[in-house]
Amino acid sequence: MENKTIIQFFEWYLPSDGTLWEKAEACAADLRNTGITSVWLPPAYKGAAGAASVGYDVYDLYDLGEFDQKGSVRTKYGTLDQYLSAVRALHAAGLEVYADIVFNQMMGADETEKITAVDTRPTDREEQISGPHEIEAWTKFTFPGRGGKYSDHTWNKKNFSGTDFDQATGAKGIFLFEGKRWNQETDSENVNFDYLMGVDLDTDEPDTYKALTDWGSWYFDTVHPDGLRLDAVKHMSFDFYRRWLRFMREREGRDFFAVGEYWSGDLKKLLHYLDVVVDGMPERTLPPRPQKSSGDCRQEADESVPCADESTSGADKTDLPAQTQADIMVPDSDEPIQPVAEGTPLTLFDVPLHYSFLRAAQNGQNFDMRGLFTDTLVEARPECAVTFIDNHDTEPGQALESYIPEWFKPIAYSMILLRESGIPCVFYGDYYGVESANESPILDLKKLIRIRSRYAYGPQTDYFDDHSIVGFTRGGDAEHADSGLAVLATAGAEGTKYMALGPAFAGKILRDALGRHNDPVLLDEQGGGVFHVHGGYVSVWLTEPAYKDIRIHF
């Protein structure tokens, strides 16, 4: 089985030119051949900012770039036809597609409604600091541009619990609607962190829950994603996704992959969420669900509306067949991909590890590298950890800005791509660069991804025994030819360390695939040798055939 590697296929500052879906289609084969196995695409639905929306200001979940709403037909990333074409191309290249799900908030309502509400204290959302009073809130979503296609459901004040703006007076605050309460099992920041922005969905309201399950059913039938990224889970009732994921998986007949964004550097909070959500999902046997053909995807109620395969607007493009997960193979190999987190109902992004990398980069030689993984999710619950370096929210200028300095990123990526635990997620801005900031792709990143895909296998031995220089080895396995490696990294000065891969490697020669060291290392009878690393960098040592493969391709 091949190691899994996700790429987040967007960053915040992409130009609003509607080309991302086409780029995903064009880059599918390159991603797969590099060693990427799964592609996380941004929110595909129309946001309040129309063609400029990154996707988290949700307006209409059913508008995937098809209707003239919010000033445009397309989204920031393209049209519906381009989106579906990209998904088919990614599937055809052997890649899984993960959709970004944003259920916490909505924005850009079509009409206001008068609502009785109370002000709550921003630092203690459970404390009411005013009596009931009337506000005018943007809570009525009628989607006139869509005209009821796909769904005639509209949203109104009963579907929401609060907002932050009174249109009548221009007042800003955190207003809790009469007859509502904040979800009671959310993150404890501000005592209750249910409210984030926009109008806050009341997921305890039966009509809201049904609307979201109806949409999920339509979306899966239309897009056929292989997994989901769940936005802002700390701001929603912890029970919601336990129920919603169970419903969707039973409907689909498969335990598809899901990763939640719970943004906290406090490991205890992540573990508590997993205790509630993951451990609250009993093991079950899911019956197989008959698969609809791609011809069923668009609009069962309106047979005159063509499906993506029949669209004339995409007639100049070759239709690419979808593949099931069981069919996915490496383009130049017959090796199936390891199922992601098989048997794990939910994973979380390892935010504590991200902050550990940031501290290491900020402190350099003064950081104790032995503690790099201390109090991280990948250390505590590795089967539930999706590791990452940066994402769209950590970029400069964003609310969660905590960008890892460029010099440290090769070290950090070696620690998530080449170790045995966790599912690594590569950031678009590191893979392709960030054009708006004149940032280039991270040095050696594609090499590290290919090394993970082909050679990072077998038992792991850690050498985290020095304040500055740490390393590990992988002992390889019979299933992956020439697998096994040694990694040495330092945030301080250059140095050496003796490390062993095991007796099976006795007498073999290892070379630094990143090209910083020309001298090979001849391994002794224990498969060990003295490896070298330059200051503030990482060295990755492979067998000679594996080294040659990397040098040829990069």
# chains A, B, ... in the order shown; residues from 1 in each chain; ligands from 1
$ closest_atom_pairs --of "range 200-249 of chain A" --to "range 265-272 of chain A" --cutoff "12 Å" --atoms "only C-alpha atoms" --output "CSV"
residue,atom,partner,partner_atom,distance
A:Val233,CA,A:Leu270,CA,10.6
A:Lys234,CA,A:Leu270,CA,9.2
A:Phe238,CA,A:His272,CA,9.9
$ write_last_selection --atoms "N, CA and C atoms" --output "tab-separated table (two decimals), in the first residue's frame"
chain	number	residue	atom	x	y	z
A	233	VAL	N	-15.07	23.38	13.13
A	233	VAL	CA	-15.85	22.45	13.94
A	233	VAL	C	-15.93	22.86	15.40
A	234	LYS	N	-14.99	23.67	15.88
A	234	LYS	CA	-15.02	24.10	17.29
A	234	LYS	C	-16.17	25.05	17.56
A	238	PHE	N	-20.70	19.83	19.09
A	238	PHE	CA	-19.86	18.68	18.84
A	238	PHE	C	-20.69	17.48	18.36
$ residues_around --residues "Phe505 in chain A" --least-positions-apart "5" --cutoff "9 Å" --atoms "only C-alpha atoms" --output "list in words"
Gly475, Gly484, Ala500, Leu523, Asp524, Glu525, Gln526, Gly527 and Gly528 of chain A
$ write_last_selection --atoms "N, CA, C and O atoms" --output "compact mmCIF listing (two decimals), in the first residue's frame"
# COMPACT_ATOMS: atom_id res chain seq x y z
N GLY A 475 13.10 1.38 8.32
CA GLY A 475 13.77 0.13 7.98
C GLY A 475 13.36 -0.51 6.68
O GLY A 475 13.88 -1.58 6.33
N GLY A 484 13.35 2.42 2.69
CA GLY A 484 14.21 2.61 3.84
C GLY A 484 14.99 3.91 3.67
O GLY A 484 15.34 4.29 2.54
N ALA A 500 21.07 3.81 12.69
CA ALA A 500 21.06 2.50 12.04
C ALA A 500 19.69 2.19 11.46
O ALA A 500 18.65 2.49 12.06
N LEU A 523 27.28 1.65 5.19
CA LEU A 523 26.69 1.16 6.43
C LEU A 523 27.43 -0.04 6.98
O LEU A 523 27.90 -0.90 6.22
N ASP A 524 27.51 -0.13 8.30
CA ASP A 524 28.22 -1.23 8.96
C ASP A 524 27.33 -2.46 9.07
O ASP A 524 26.23 -2.51 8.48
N GLU A 525 27.77 -3.44 9.86
CA GLU A 525 27.03 -4.71 9.95
C GLU A 525 25.65 -4.56 10.60
O GLU A 525 24.79 -5.43 10.45
N GLN A 526 25.42 -3.49 11.32
CA GLN A 526 24.10 -3.21 11.90
C GLN A 526 23.25 -2.32 10.99
O GLN A 526 22.15 -1.92 11.37
N GLY A 527 23.76 -2.05 9.80
CA GLY A 527 23.05 -1.15 8.91
C GLY A 527 23.12 0.28 9.38
O GLY A 527 22.23 1.08 9.07
N GLY A 528 24.17 0.61 10.11
CA GLY A 528 24.31 1.95 10.67
C GLY A 528 25.48 2.70 10.08
O GLY A 528 26.39 2.12 9.48
$ closest_residue --among "A:Glu185, A:Glu261, A:Asp200, A:Asp17" --to "Phe240 in chain A" --atoms "only C-alpha atoms"
A:Glu185
$ residues_around --residues "range 489-492 of chain A" --least-positions-apart "5" --cutoff "10 Å" --atoms "only C-alpha atoms" --output "ChimeraX atom specification"
/A:360-369,407-408,410-412,414-415,466-472,532-540
$ residues_around --residues "Ser237 in chain A" --least-positions-apart "4" --cutoff "8 Å" --atoms "only C-alpha atoms" --output "tab-separated table (two decimals) with N, CA and C atoms, in the first residue's frame"
chain	number	residue	atom	x	y	z
A	183	ASN	N	-25.18	26.84	20.83
A	183	ASN	CA	-24.91	25.41	21.00
A	183	ASN	C	-24.10	25.21	22.27
A	184	GLN	N	-24.47	24.21	23.05
A	184	GLN	CA	-23.90	24.07	24.39
A	184	GLN	C	-22.59	23.29	24.43
A	185	GLU	N	-22.30	22.49	23.44
A	185	GLU	CA	-21.02	21.77	23.43
A	185	GLU	C	-20.19	22.34	22.29
A	186	THR	N	-19.48	23.44	22.59
A	186	THR	CA	-18.57	24.05	21.63
A	186	THR	C	-17.27	24.36	22.36
A	194	ASP	N	-19.68	29.35	20.07
A	194	ASP	CA	-20.56	28.98	18.97
A	194	ASP	C	-20.51	30.04	17.88
A	203	THR	N	-27.97	24.54	14.42
A	203	THR	CA	-27.99	23.13	13.99
A	203	THR	C	-28.87	22.27	14.87
A	233	VAL	N	-15.07	23.38	13.13
A	233	VAL	CA	-15.85	22.45	13.94
A	233	VAL	C	-15.93	22.86	15.40
A	241	TYR	N	-21.69	16.98	13.82
A	241	TYR	CA	-21.01	16.18	12.80
A	241	TYR	C	-21.03	14.68	13.13
$ residues_around --residues "Ile449 in chain A" --least-positions-apart "4" --cutoff "7 Å" --atoms "only C-alpha atoms" --output "PyMOL selection string"
chain A and resi 34-35+417+445+453
$ residues_around --residues "Ser53 in chain A" --least-positions-apart "2" --cutoff "12 Å" --atoms "only C-alpha atoms" --output "MDAnalysis selection string"
chainID A and resid 12:18 42:51 55:59 65 70:72 74:78 107:108
$ closest_residue --among "A:Thr154, A:Gln398, A:Leu501, A:Leu542" --to "Pro520 in chain A" --atoms "only C-alpha atoms"
A:Leu542
$ residues_around --residues "Phe165 in chain A" --least-positions-apart "4" --cutoff "9 Å" --atoms "only C-alpha atoms" --output "JSON, numbers by chain"
{"A": [135, 136, 137, 138, 169, 170, 171, 172, 173, 174, 175, 198]}
$ closest_residue --among "A:Asn33, A:Ile442, A:Tyr219, A:Trp155" --to "His553 in chain A" --atoms "only C-alpha atoms"
A:Asn33
$ atom_distance --atom1 "CA of Ala385 in chain A" --atom2 "CA of Trp218 in chain A"
29.0 Å
$ closest_residue --among "A:Leu448, A:Asp164, A:Leu64, A:Arg454" --to "Tyr150 in chain A" --atoms "only C-alpha atoms"
A:Leu64
$ select_by_dssp --residues "range 304-511 of chain A" --states "alpha helix (DSSP H)" --output "MDAnalysis selection string"
chainID A and resid 351:363 377:380 409:417 428:432 445:454
$ closest_residue --among "A:Arg121, A:Lys157, A:His235, A:Ala89" --to "Asp207 in chain A" --atoms "only C-alpha atoms"
A:Lys157
$ closest_residue --among "A:Thr142, A:Ala456, A:Ile7, A:Thr222" --to "Arg88 in chain A" --atoms "only C-alpha atoms"
A:Thr222
$ atom_distance --atom1 "CA of Glu127 in chain A" --atom2 "CA of Leu196 in chain A"
16.4 Å
$ select_by_dssp --residues "range 133-308 of chain A" --states "strand (DSSP E)" --output "PyMOL selection string"
chain A and resi 133-140+160-165+172-177+199-201+227-230+257-260
$ atom_distance --atom1 "CA of Glu113 in chain A" --atom2 "CA of Asn156 in chain A"
8.0 Å
